[in-house]
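Step one of this worksheet: look at the structure below.
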Amino acid sequence: MSEYAGIYLLDNPYFLDDTFDYFIPPDMRGNICKGDFVTVPFGTSNRRCLGIVESLKESPDDPNLSCKPVLSVCDKSMSLSEEMFGLCFFMKERTLCTMGDAIRAAIPASALSHLEEVYRPSENAENTEDLDSATAFIFEHIKAKGCISYEILKNKFGPSLDGAIKTLLIAGLIEKDFIIRSSSEKSESVYSLAIKAEDALALLEGKEASVRLRSPQQLAVIRALYESETEELSEKELCERAKTTASPLKSLCDKGVLKKTKRSVDRSFLPEIKGSSKTEIVLNDEQKKAYETLCSLADSGEPKAALLHGVTGSGKTSVMLCAIDHVLESGRGVIVLLPEIALTPQSLAIFCSRYGEKVAIIHSGLSAGERFDTYKRIKRGDASVVIGTRSAVFAPINDLGMIIIDEEQEHTYKSDMNPKYHTRDIARFRAAWHKGLMLLASATPSFESYSRAREGAYTLIEINKRYGKAVLPTTTVVDMRRENAEGSTSPLSTLLCKRLVENHKNGNQSILFLNRRGYNNFISCRTCGKPIQCPKCSVSMAYHTFGNSYDKGELRCHWCGLRTPVPEVCPECKSVHLAKMGYGTQRIEQELSELLPSARILRMDADTTTSRYSYENILGQFRRHEADILLGTQMVTKGHDFPDVTLVGVLLADTSLYLDDYRAGERTFSMLTQVIGRAGRGNKVGEAIIQTANPDHECIRLSCAQDYKTFYENEIRLRRALQFPPFCDIALLTVTSPEEKELLKAATMLRNEFLRLHKEKYPELPIDSFGPFEAPVYRVENKYRMRMVIKCKLNKRSRALFSELLSGFSRVSIRKLTLSIDFNPSNL
């Protein structure tokens with residue numbers, strides 16, 4: 001058996017993130033495996049740390065090194081499988097995160113919440129004659145509890161505890177251990193009869209005299225358990241049935257009539273779906289061809305990847321459901337990933353009604369306990385279909401047959417916190433491991449995915465027509481410059497107002513999209529021309545009104561969340577001439593109320609969806625036709641299928657075109673194509689009205705025509721000429737500090753060190769570097785940020801360069817200064 005183990009420590013910084021050799025005590029040999037969590041001493045102070053076993057070995061890498069021993073092995077139920085350990089190492093190498101960051105991304109945070117020091121009696125702990133009374137009393141308490149934490153003992157016995165614990169350890173009467181205490185595990189008290197059923201009946205009939213019952217409540221408790229269909233009842237259920245409190249329960253337990261035990265509570269989330277059934281799906285010819293291709297790829301026994309590219313309303317979901325049925329019939333599991341914005345009650349209802357209790361759901365709205373219980377349920381094999389957002393890609397399905405990434409172009413699939421992974425990369429790794437299928441689906445796929453499909457790396461599957469009799473909506477572009485020239489000051493064009501009135505009169509529904517929340521974008525001083533900025537961030541603050549009162553409001557920062565009253569004078573020049581500029585969803589809501597007083601209007605943005613079920617409630621109201629107009633930000637653009645929506649209006653359609661990002665055109669095209677596709681999805685003809693100050697822009701023109709291929713061909717030529725992804729990779733290096741002078745020094749040091757490493761150690765790498773320069777938002781929450789942008793090709797050598805740069809920088813980093821590296825970030 002191996003005597004040594006290579007162990008990663010989960011809390012080490014990046015420059016120390018490597019394996020350390022530890023000695024395995026004889027009593028632990030054979031009980032430690034790769035992927036197990038262990039506790040070990042680290043550093044000169046022997047601080048106890050949590051680690052994970054990377055390898056087992058017969059001797060340490062350095063034979064002259066005296067290795068410290070492993071202290072304990074943690075609960076093996078949370079040990080990582082070979083696949084998940086390999087995935088964490090893959091993330092560490094690919095994103096330059098620590099092993100601890102990778103593991104915490106793959107496992108629910110509450111599963112590894114903290115280490116807890118516990119004490120338990122030794123096996124042969126009998127000789128207590130030499131102990132003083134206080135120490136003996138503490139020992140008897142530990143012995144009665146079996147296993148108890150140091151924190152509980154300290155609270156009970158106070159300052160005298162430490163000396164007693166030391167004496168008991170030296171005497172060998174107790175053992176010290178460290179366990180992972182999960183704050184998310186939940187249990188409830190359950191009660192059952194500790195006597196036979198005939199004895200309980202005798203008590204109820206007054207024939208049993210050996211036990212004296214003092215109150216009718218106690219008899220009611222026994223009767224409730226005797227008549228129960230189940231052998232045990234929770235404390236809450238028992239008290240409700242007996243119409244009593246918990247006091248009689250304790251008395252009956254003391255008398256030996258009842259038995260109290262603990263039962264774990266499963267908090268995994270699954271919405272209630274009424275009328276659940278697996279309805280038959282009828283596919284048209286294009287869908288059948290797509291389905292057959294997917295089945296062939298899934299059954300190949302080799303890792304495969306496919307891109308399902310279909311116009312909005314083409315029935316991609318139906319094809320995916322049939323493919324899921326096929327994979328489940330083969331006995332394998334499926335993960336379906338949706339962007340947060342599209343994880344709607346309607347989407348969940350589709351899967352839950354079809355697959356029932358086989359479904360597990362993972363998303364950011366779950367509590368820590370719900371997420372942890374869902375993870376355990378999947379690991380036990382109780383769920384074979386996992387639906388969720390980005391983090392659901394780590395769901396521990398044992399035999400994974402297919403991973404679906406719907407709306408795969410969405411930027412939310414890229415994590416902006418360590419580890420900075422892209423869901424597509426994780427899905428590709430897992431599909432390769434299980435020899436399964438990775439399926440990407442979108443009406444507007446990312447250029448990276450579409451180019452790989454065109455090159456043959458992915459199988460390209462296309463659906464070019466809408467399902468059934470539905471047709472693409474007619475689209476009208478309104479030039480807002482003409483509206484302004486004609487004297488109109490309303491954010492709603494004359495044509496859009498006319499169509500809204502007609503649509504409401506005909507009993508149809510409308511969706512309006514404006515990607516700005518609040519009432520006004522900013523407040524500007526007419527004297528000095530400066531906007532009122534956030535005191536913590538280098539951005540202007542937006543004006544928000546209170547509730548339905550459009551006259552009273554406050555200023556809010558959309559970056560740090562700071563709220564301040566509206567000043568009476570300009571903070572810069574003290575002028576009283578302040579003007580509110582621009583408009584957001586609150587202003588449009590007011591305009592609609594004045595235009596259509598009888599219309600029921602729902603607003604859906606970050607301000608109206610703060611509570612847990614607000615998102616579901618708003619969409620449910622609109623689906624039940626309890627509202628006529630749905631107004632919102634990007635939340636209303638994707639994942640919705642409302643048959644009665646015949647009109648879509650887009651306000652300020654061109655604003656995202658002018659962002660300082662090479663993906664600005666691609667994202668604008670995707671956003672417009674998706675929101676236009678919300679109209680006319682049923683048997684009614686749809687119409688979309690696009691308001692813009694740049695009606696001739698190619699992106700707007702092609703999105704109105706739903707012509708993705710032409711837009712791709714034109715845009716990809718520009719990217720090839722300028723060397724932007726997918727023809728290169730981009731590394732974004734960001735230095736952050738609360739002190740501006742220190743930041744400038746560090747940014748200069750970063751550039752010099754990068755150029756030195758490239759010249760001396762990695763001269764063969766083709767690299768273009770830019771910066772350092774200020775981030776687009778230079779200051780956020782009183783922290784200043786500077787960046788470097790590196791164009792390169794990511795491979796083992798280039799990653800080694802960035803890894804060395806990050807290690808060196810973190811080793812000598814200045815106080816409160818951090819460096820982060822993000823490969824192919826979602827935003828520049």
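Numbering starts fresh at 1 for the residues of each chain in the structure tokens, the chains themselves are lettered A, B, ... in the order given, and ligands are numbered from 1 as they appear.
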
*Please run DSSP on the backbone and report, as a count of residues only, all residues within stretch 455-587 of chain A that come out as helix (DSSP H, G or I).*
22

*asked:* If we count only C-alpha atoms and set the cut-off at 7 Å, which residues sit around A:Ser314, ignoring sequence neighbours fewer than 6 positions away in its own chain? Please answer as a ChimeraX atom specification.
replied: /A:463,465-467

Quick one: residues within 7 Å of stretch 214-228 of chain A, only C-alpha atoms counted, chain neighbours fewer than 2 positions away excluded, as a PDB file with all heavy atoms, in the first residue's frame?
```pdb
ATOM      1  N   SER A 192     -42.007   7.902  16.286  1.00  0.00           N
ATOM      2  CA  SER A 192     -42.693   6.632  16.027  1.00  0.00           C
ATOM      3  C   SER A 192     -42.993   5.976  17.367  1.00  0.00           C
ATOM      4  O   SER A 192     -42.443   6.359  18.411  1.00  0.00           O
ATOM      5  CB  SER A 192     -41.831   5.709  15.155  1.00  0.00           C
ATOM      6  OG  SER A 192     -40.584   5.453  15.798  1.00  0.00           O
ATOM      7  N   LEU A 193     -43.865   4.967  17.357  1.00  0.00           N
ATOM      8  CA  LEU A 193     -44.203   4.252  18.587  1.00  0.00           C
ATOM      9  C   LEU A 193     -43.041   3.348  19.003  1.00  0.00           C
ATOM     10  O   LEU A 193     -42.508   2.602  18.179  1.00  0.00           O
ATOM     11  CB  LEU A 193     -45.462   3.411  18.382  1.00  0.00           C
ATOM     12  CG  LEU A 193     -46.778   4.190  18.248  1.00  0.00           C
ATOM     13  CD1 LEU A 193     -47.904   3.259  17.835  1.00  0.00           C
ATOM     14  CD2 LEU A 193     -47.122   4.893  19.565  1.00  0.00           C
ATOM     15  N   ALA A 197     -48.066  -2.265  18.708  1.00  0.00           N
ATOM     16  CA  ALA A 197     -49.357  -1.674  18.356  1.00  0.00           C
ATOM     17  C   ALA A 197     -50.444  -2.098  19.342  1.00  0.00           C
ATOM     18  O   ALA A 197     -51.300  -1.285  19.732  1.00  0.00           O
ATOM     19  CB  ALA A 197     -49.749  -2.079  16.937  1.00  0.00           C
ATOM     20  N   ALA A 200     -50.160  -0.072  22.438  1.00  0.00           N
ATOM     21  CA  ALA A 200     -50.659   1.283  22.222  1.00  0.00           C
ATOM     22  C   ALA A 200     -52.175   1.307  22.276  1.00  0.00           C
ATOM     23  O   ALA A 200     -52.791   2.220  22.847  1.00  0.00           O
ATOM     24  CB  ALA A 200     -50.166   1.809  20.871  1.00  0.00           C
ATOM     25  N   LEU A 204     -54.774   3.342  24.830  1.00  0.00           N
ATOM     26  CA  LEU A 204     -55.883   4.188  24.378  1.00  0.00           C
ATOM     27  C   LEU A 204     -57.208   3.747  25.016  1.00  0.00           C
ATOM     28  O   LEU A 204     -58.083   4.585  25.282  1.00  0.00           O
ATOM     29  CB  LEU A 204     -55.986   4.132  22.848  1.00  0.00           C
ATOM     30  CG  LEU A 204     -54.825   4.778  22.078  1.00  0.00           C
ATOM     31  CD1 LEU A 204     -54.961   4.511  20.585  1.00  0.00           C
ATOM     32  CD2 LEU A 204     -54.773   6.278  22.333  1.00  0.00           C
ATOM     33  N   ARG A 212     -48.500   5.464  33.032  1.00  0.00           N
ATOM     34  CA  ARG A 212     -49.552   6.396  33.422  1.00  0.00           C
ATOM     35  C   ARG A 212     -49.488   7.647  32.531  1.00  0.00           C
ATOM     36  O   ARG A 212     -48.473   8.327  32.468  1.00  0.00           O
ATOM     37  CB  ARG A 212     -49.372   6.794  34.886  1.00  0.00           C
ATOM     38  CG  ARG A 212     -49.482   5.610  35.834  1.00  0.00           C
ATOM     39  CD  ARG A 212     -49.343   6.056  37.267  1.00  0.00           C
ATOM     40  NE  ARG A 212     -50.423   6.949  37.651  1.00  0.00           N
ATOM     41  CZ  ARG A 212     -50.518   7.529  38.855  1.00  0.00           C
ATOM     42  NH1 ARG A 212     -49.577   7.316  39.761  1.00  0.00           N
ATOM     43  NH2 ARG A 212     -51.534   8.319  39.132  1.00  0.00           N
ATOM     44  N   THR A 230     -48.392   5.708   8.042  1.00  0.00           N
ATOM     45  CA  THR A 230     -46.938   5.525   8.062  1.00  0.00           C
ATOM     46  C   THR A 230     -46.489   5.266   9.489  1.00  0.00           C
ATOM     47  O   THR A 230     -47.158   5.649  10.455  1.00  0.00           O
ATOM     48  CB  THR A 230     -46.216   6.768   7.520  1.00  0.00           C
ATOM     49  OG1 THR A 230     -46.590   7.910   8.303  1.00  0.00           O
ATOM     50  CG2 THR A 230     -46.592   7.018   6.070  1.00  0.00           C
ATOM     51  N   GLU A 231     -45.339   4.609   9.651  1.00  0.00           N
ATOM     52  CA  GLU A 231     -44.855   4.251  10.974  1.00  0.00           C
ATOM     53  C   GLU A 231     -44.354   5.460  11.750  1.00  0.00           C
ATOM     54  O   GLU A 231     -44.323   5.432  12.978  1.00  0.00           O
ATOM     55  CB  GLU A 231     -43.736   3.212  10.858  1.00  0.00           C
ATOM     56  CG  GLU A 231     -44.217   1.851  10.377  1.00  0.00           C
ATOM     57  CD  GLU A 231     -43.105   0.824  10.402  1.00  0.00           C
ATOM     58  OE1 GLU A 231     -41.986   1.186  10.827  1.00  0.00           O
ATOM     59  OE2 GLU A 231     -43.349  -0.327  10.004  1.00  0.00           O
ATOM     60  N   LEU A 238     -47.203  15.546  13.482  1.00  0.00           N
ATOM     61  CA  LEU A 238     -47.777  14.917  14.665  1.00  0.00           C
ATOM     62  C   LEU A 238     -48.513  15.945  15.539  1.00  0.00           C
ATOM     63  O   LEU A 238     -49.619  15.679  16.040  1.00  0.00           O
ATOM     64  CB  LEU A 238     -46.673  14.220  15.460  1.00  0.00           C
ATOM     65  CG  LEU A 238     -47.106  13.356  16.658  1.00  0.00           C
ATOM     66  CD1 LEU A 238     -48.156  12.344  16.247  1.00  0.00           C
ATOM     67  CD2 LEU A 238     -45.897  12.659  17.263  1.00  0.00           C
ATOM     68  N   ARG A 241     -51.844  16.863  13.828  1.00  0.00           N
ATOM     69  CA  ARG A 241     -52.880  15.825  13.918  1.00  0.00           C
ATOM     70  C   ARG A 241     -53.417  15.683  15.345  1.00  0.00           C
ATOM     71  O   ARG A 241     -54.610  15.465  15.547  1.00  0.00           O
ATOM     72  CB  ARG A 241     -52.325  14.482  13.438  1.00  0.00           C
ATOM     73  CG  ARG A 241     -51.990  14.453  11.959  1.00  0.00           C
ATOM     74  CD  ARG A 241     -51.686  13.037  11.496  1.00  0.00           C
ATOM     75  NE  ARG A 241     -51.226  13.023  10.117  1.00  0.00           N
ATOM     76  CZ  ARG A 241     -51.037  11.904   9.408  1.00  0.00           C
ATOM     77  NH1 ARG A 241     -51.292  10.720   9.965  1.00  0.00           N
ATOM     78  NH2 ARG A 241     -50.608  11.960   8.165  1.00  0.00           N
ATOM     79  N   ALA A 242     -52.516  15.811  16.316  1.00  0.00           N
ATOM     80  CA  ALA A 242     -52.944  15.669  17.709  1.00  0.00           C
ATOM     81  C   ALA A 242     -53.436  16.977  18.303  1.00  0.00           C
ATOM     82  O   ALA A 242     -53.927  16.992  19.444  1.00  0.00           O
ATOM     83  CB  ALA A 242     -51.783  15.123  18.536  1.00  0.00           C
ATOM     84  N   THR A 244     -51.739  19.606  19.387  1.00  0.00           N
ATOM     85  CA  THR A 244     -51.013  19.848  20.628  1.00  0.00           C
ATOM     86  C   THR A 244     -49.670  20.487  20.322  1.00  0.00           C
ATOM     87  O   THR A 244     -49.349  20.769  19.158  1.00  0.00           O
ATOM     88  CB  THR A 244     -50.819  18.535  21.402  1.00  0.00           C
ATOM     89  OG1 THR A 244     -50.224  18.822  22.658  1.00  0.00           O
ATOM     90  CG2 THR A 244     -49.933  17.558  20.623  1.00  0.00           C
ATOM     91  N   PRO A 248     -45.934  17.346  25.111  1.00  0.00           N
ATOM     92  CA  PRO A 248     -46.328  15.945  25.349  1.00  0.00           C
ATOM     93  C   PRO A 248     -45.432  14.939  24.639  1.00  0.00           C
ATOM     94  O   PRO A 248     -45.270  13.804  25.118  1.00  0.00           O
ATOM     95  CB  PRO A 248     -47.759  15.884  24.805  1.00  0.00           C
ATOM     96  CG  PRO A 248     -48.238  17.298  24.784  1.00  0.00           C
ATOM     97  CD  PRO A 248     -47.032  18.120  24.512  1.00  0.00           C
TER      98      PRO A 248
END
```

_Among stretch 664-733 of chain A, which ones does DSSP assign to strand (DSSP E or B) (computed from the backbone)? Answer as a list in words._
Glu687, Ala688, Ile689, Ile690, Gln691, Thr692, Asp729, Ile730, Ala731, Leu732 and Leu733 of chain A

*Find the residues around stretch 645-654 of chain A up to 8 Å (only C-alpha atoms counted), leave out those fewer than 2 positions away in its own chain, and share them as number ranges by chain.*
A: 491-492, 496, 499-500, 503, 508-514, 642-643, 656-658, 668, 672, 675-676, 678-681, 684-694, 700

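Residue nearest A:Gly620 within the list A:Ser330, A:Thr734, A:Ser72, A:Gln346: A:Gln346 [criterion: smallest interatomic distance, only C-alpha atoms].
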
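The coordinates place atom CA of A:Ser737 at 28.9 Å from atom CA of A:Tyr8.
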
*Point-to-point distance in Å for atom CA of A:Val539 and atom CA of A:Arg587*: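 Between these atoms lies a distance of 20.8 Å.
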
*asked:* Ranking A:Ser820, A:Pro108, A:Ser251, A:Glu594 by minimum distance to A:Ile362 and counting only C-alpha atoms, which one comes first?
replied: A:Pro108

*Fewer than 2 positions away in the same chain doesn't count, so skip those; otherwise give me all residues within 9 Å of stretch 760-774 of chain A, counting only C-alpha atoms, as JSON, numbers by chain.*
{"A": [733, 734, 747, 748, 750, 751, 755, 756, 757, 758, 776, 777, 778, 784, 785, 786, 787, 788, 789, 790, 791, 792, 793, 797, 798, 801]}

_I'd like to know which of A:Ala579, A:Ile361, A:Ala485, A:Ala800 is closest to A:Pro531, using only C-alpha atoms._
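For A:Pro531, the nearest of the candidates is A:Ala579.
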
*Considering only C-alpha atoms, return as a list in words whatever protein or nucleic-acid residues lie within 10 Å of A:Ser598, sequence-local ones (same chain, fewer than 5 positions apart) excluded.*
His504, Ser593 and Asp628 of chain A

Selection file, all heavy atoms, as a compact mmCIF listing (two decimals), in the first residue's frame:
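The result, written out as selection_22.txt:
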```txt
# COMPACT_ATOMS: atom_id res chain seq x y z
N HIS A 504 -54.18 46.48 -29.37
CA HIS A 504 -54.98 46.41 -28.14
C HIS A 504 -56.47 46.31 -28.47
O HIS A 504 -57.22 45.54 -27.83
CB HIS A 504 -54.70 47.64 -27.28
CG HIS A 504 -55.50 47.69 -26.02
ND1 HIS A 504 -55.52 46.67 -25.10
CD2 HIS A 504 -56.36 48.64 -25.53
CE1 HIS A 504 -56.32 46.98 -24.09
NE2 HIS A 504 -56.84 48.17 -24.34
N SER A 593 -49.09 54.21 -20.43
CA SER A 593 -50.28 54.44 -19.60
C SER A 593 -51.09 55.62 -20.11
O SER A 593 -52.33 55.60 -20.07
CB SER A 593 -49.86 54.68 -18.15
OG SER A 593 -49.18 53.56 -17.63
N ASP A 628 -51.87 43.21 -21.30
CA ASP A 628 -51.90 43.43 -22.76
C ASP A 628 -50.53 43.75 -23.33
O ASP A 628 -50.25 43.45 -24.49
CB ASP A 628 -52.88 44.57 -23.08
CG ASP A 628 -54.25 44.32 -22.50
OD1 ASP A 628 -54.86 43.30 -22.87
OD2 ASP A 628 -54.71 45.12 -21.67
```

*asked:* Please determine, counting only C-alpha atoms, which residue among A:Thr128, A:Ser415, A:Ser538, A:Asn484 has the shortest atom-to-atom distance to A:Lys143.
replied: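 Closest to A:Lys143, using only C-alpha atoms: A:Thr128.
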
*Determine the nearest neighbour of A:Met91 from the options A:Asn824, A:Thr423, A:Thr564, A:Ser296, counting only C-alpha atoms.*
A:Thr423

*Mind checking which residues fall within 9 Å of A:His363, counting only C-alpha atoms, ignoring those fewer than 4 positions away in the same chain, and posting them as a list in words?*
Glu340, Leu343, Arg371, Ile387, Gly388, Thr389, Arg390, Ser391 and Ala392 of chain A

_Measuring between only C-alpha atoms, which one of A:Leu9, A:Tyr543, A:Asn795, A:Ala395 shows the shortest distance to A:Phe372?_
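Residue with the minimum atom-to-atom distance to A:Phe372: A:Ala395.
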
*Can you work out the spacing between atom CA of A:Ala705 and atom CA of A:Ser442 in Å, to one decimal?*
16.7 Å
